[in-house]
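First up is the structure itself, then whatever we jot down about it.
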Amino acid sequence: PYTYPEGRIDISPKEHSRGGAVKYTDYAIGNFIKNAEQKPWFKNTLFVIVADHCASSAGSQDLPLSGYHIPMIIYSPGNIEPQKVTSLMSQIDIAPTVLGMLHLKYQSKFFGRDIFNTPPEKQRALLSTYQGLGFLRNDTLIVQSPVRKIRAYKVYKNTDSVTEIKVPANLRNYSIAYYQTASWMIDNKKYGW
């Protein structure tokens, strides 16, 4: 992420800095939108810009939550009003959400949900590292690790700090079922691929 052309921003790519990477990304997105504004299709286009997990999504915690907070922008001036949305979601929710915003009827093959039509108590985020699968709902994070190891954490949302707690049976079962269902659907070609 630290590689970008010389002369586009006032931070040299030779510095290999996070600030330079962020500033160049901002420049590139702005330039892309400015060019798109000149196209006849611009006024009828919905742009979705989303990041991947950040570089610090591996660490001493099972799943360090701060590494999974990523920005997403859905931009379509004249079609949607600017707003800040803080719904709990994952990248798998993007396609169903966009289709919902476009008011398109579709038979869902997605494992995600339209976040604008999911009540807060049903919102969840799915997280993973190479050694753990996470299921976050409200203030509880369930982490499944190899060899059937399951841990639970209370999440303090303002700081993303966690305290290990006794695993709530209902969330443990829900988390296992979520990932087993996804695996079964893929293995049995139920996604229509």
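How things are named: the first chain in the structure tokens is A, the next is B, and so on; residues count from 1 in each chain; ligands count from 1 in the order shown.
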
Run DSSP on the backbone of this structure and report the residues of range 42-182 of chain A it assigns to helix (DSSP H, G or I), as a ChimeraX atom specification. /A:42-44,65-68,91-101,115-117,120-122,169-182

Spatial neighbours of range 119-122 of chain A, 8 Å, only C-alpha atoms, chain gap at least 6 places, as number ranges by chain: A: 87, 137-138

Could you write out the selected residues, including C-alpha atoms, as a CSV table (one decimal), in the first residue's frame?
chain,number,residue,atom,x,y,z
A,87,SER,CA,-24.6,-0.8,11.6
A,137,ARG,CA,-23.1,-9.8,17.9
A,138,ASN,CA,-23.9,-6.9,20.2

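The residue set within 6 Å of range 38-47 of chain A, counting only C-alpha atoms and dropping same-chain residues fewer than 2 places from it, reads Asn35, Ala36, Ile74, Tyr75 and Ser76 of chain A.
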
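Take CA of Tyr174 in chain A and CA of Arg151 in chain A: the distance between them is 13.6 Å.
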
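Residues of range 35-92 of chain A that DSSP, applied to the backbone, places in strand (DSSP E): Phe47, Val48, Ile49, Val50, Met72, Ile73, Ile74 and Tyr75 of chain A.
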
I need the chosen residues saved as a PDB file, in the first residue's frame, with N, CA and C atoms.
ATOM      1  N   PHE A  47     -21.620   4.234  -6.554  1.00  0.00           N
ATOM      2  CA  PHE A  47     -20.226   3.840  -6.340  1.00  0.00           C
ATOM      3  C   PHE A  47     -20.089   3.224  -4.953  1.00  0.00           C
ATOM      4  N   VAL A  48     -19.413   2.108  -4.868  1.00  0.00           N
ATOM      5  CA  VAL A  48     -19.130   1.459  -3.588  1.00  0.00           C
ATOM      6  C   VAL A  48     -17.614   1.372  -3.450  1.00  0.00           C
ATOM      7  N   ILE A  49     -17.109   2.013  -2.419  1.00  0.00           N
ATOM      8  CA  ILE A  49     -15.671   2.029  -2.160  1.00  0.00           C
ATOM      9  C   ILE A  49     -15.473   1.430  -0.774  1.00  0.00           C
ATOM     10  N   VAL A  50     -14.704   0.360  -0.704  1.00  0.00           N
ATOM     11  CA  VAL A  50     -14.530  -0.332   0.577  1.00  0.00           C
ATOM     12  C   VAL A  50     -13.088  -0.804   0.731  1.00  0.00           C
ATOM     13  N   MET A  72     -16.243   2.229   4.497  1.00  0.00           N
ATOM     14  CA  MET A  72     -16.974   1.927   3.272  1.00  0.00           C
ATOM     15  C   MET A  72     -17.753   3.184   2.904  1.00  0.00           C
ATOM     16  N   ILE A  73     -17.704   3.530   1.652  1.00  0.00           N
ATOM     17  CA  ILE A  73     -18.449   4.684   1.149  1.00  0.00           C
ATOM     18  C   ILE A  73     -19.365   4.191   0.045  1.00  0.00           C
ATOM     19  N   ILE A  74     -20.637   4.536   0.166  1.00  0.00           N
ATOM     20  CA  ILE A  74     -21.590   4.312  -0.919  1.00  0.00           C
ATOM     21  C   ILE A  74     -21.978   5.706  -1.387  1.00  0.00           C
ATOM     22  N   TYR A  75     -21.676   6.007  -2.637  1.00  0.00           N
ATOM     23  CA  TYR A  75     -21.761   7.378  -3.133  1.00  0.00           C
ATOM     24  C   TYR A  75     -22.575   7.423  -4.412  1.00  0.00           C
TER      25      TYR A  75
END

Applying 10 Å and only C-alpha atoms, which residues near Pro168 in chain A remain after dropping the ones on its own chain fewer than 6 positions away? List them as an MDAnalysis selection string. chainID A and resid 140 142 151:153

Compile the contact shell of Lys154 in chain A as a short mmCIF file (atom, residue, chain, number, x, y, z; two decimals) with C-alpha atoms, in the first residue's frame: residues with an atom at most 10 Å away, counting only C-alpha atoms, same-chain residues fewer than 3 positions apart removed.
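Contents of the output file part33.cif:
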data_model
loop_
_atom_site.label_atom_id
_atom_site.label_comp_id
_atom_site.auth_asym_id
_atom_site.auth_seq_id
_atom_site.Cartn_x
_atom_site.Cartn_y
_atom_site.Cartn_z
CA LEU A 136 -19.62 -10.69 16.75
CA ASN A 138 -23.92 -6.86 20.16
CA ASP A 139 -21.08 -6.85 22.70
CA THR A 140 -20.10 -10.52 22.50
CA LEU A 141 -17.40 -12.02 20.29
CA ILE A 142 -17.27 -15.79 19.80
CA LYS A 157 -17.06 -0.91 21.86
CA ASP A 160 -12.30 -2.45 21.29
CA SER A 161 -10.78 -3.94 24.41
CA VAL A 162 -12.10 -7.34 25.42
CA THR A 163 -12.50 -9.47 28.52
CA GLU A 164 -12.79 -13.22 28.26
CA ILE A 165 -16.15 -14.49 29.52
CA LYS A 166 -17.98 -17.81 29.82
CA VAL A 167 -19.15 -18.92 26.38
#

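Candidate residues A:Asn173, A:Ser128, A:Pro64, A:Gly78 were compared for distance to Gln91 in chain A, and the nearest is A:Ser128, using only C-alpha atoms.
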
Quick one: of A:Tyr106, A:Tyr24, A:Phe111, A:Phe32, who's nearest to Ala182 in chain A, counting only C-alpha atoms? A:Phe111
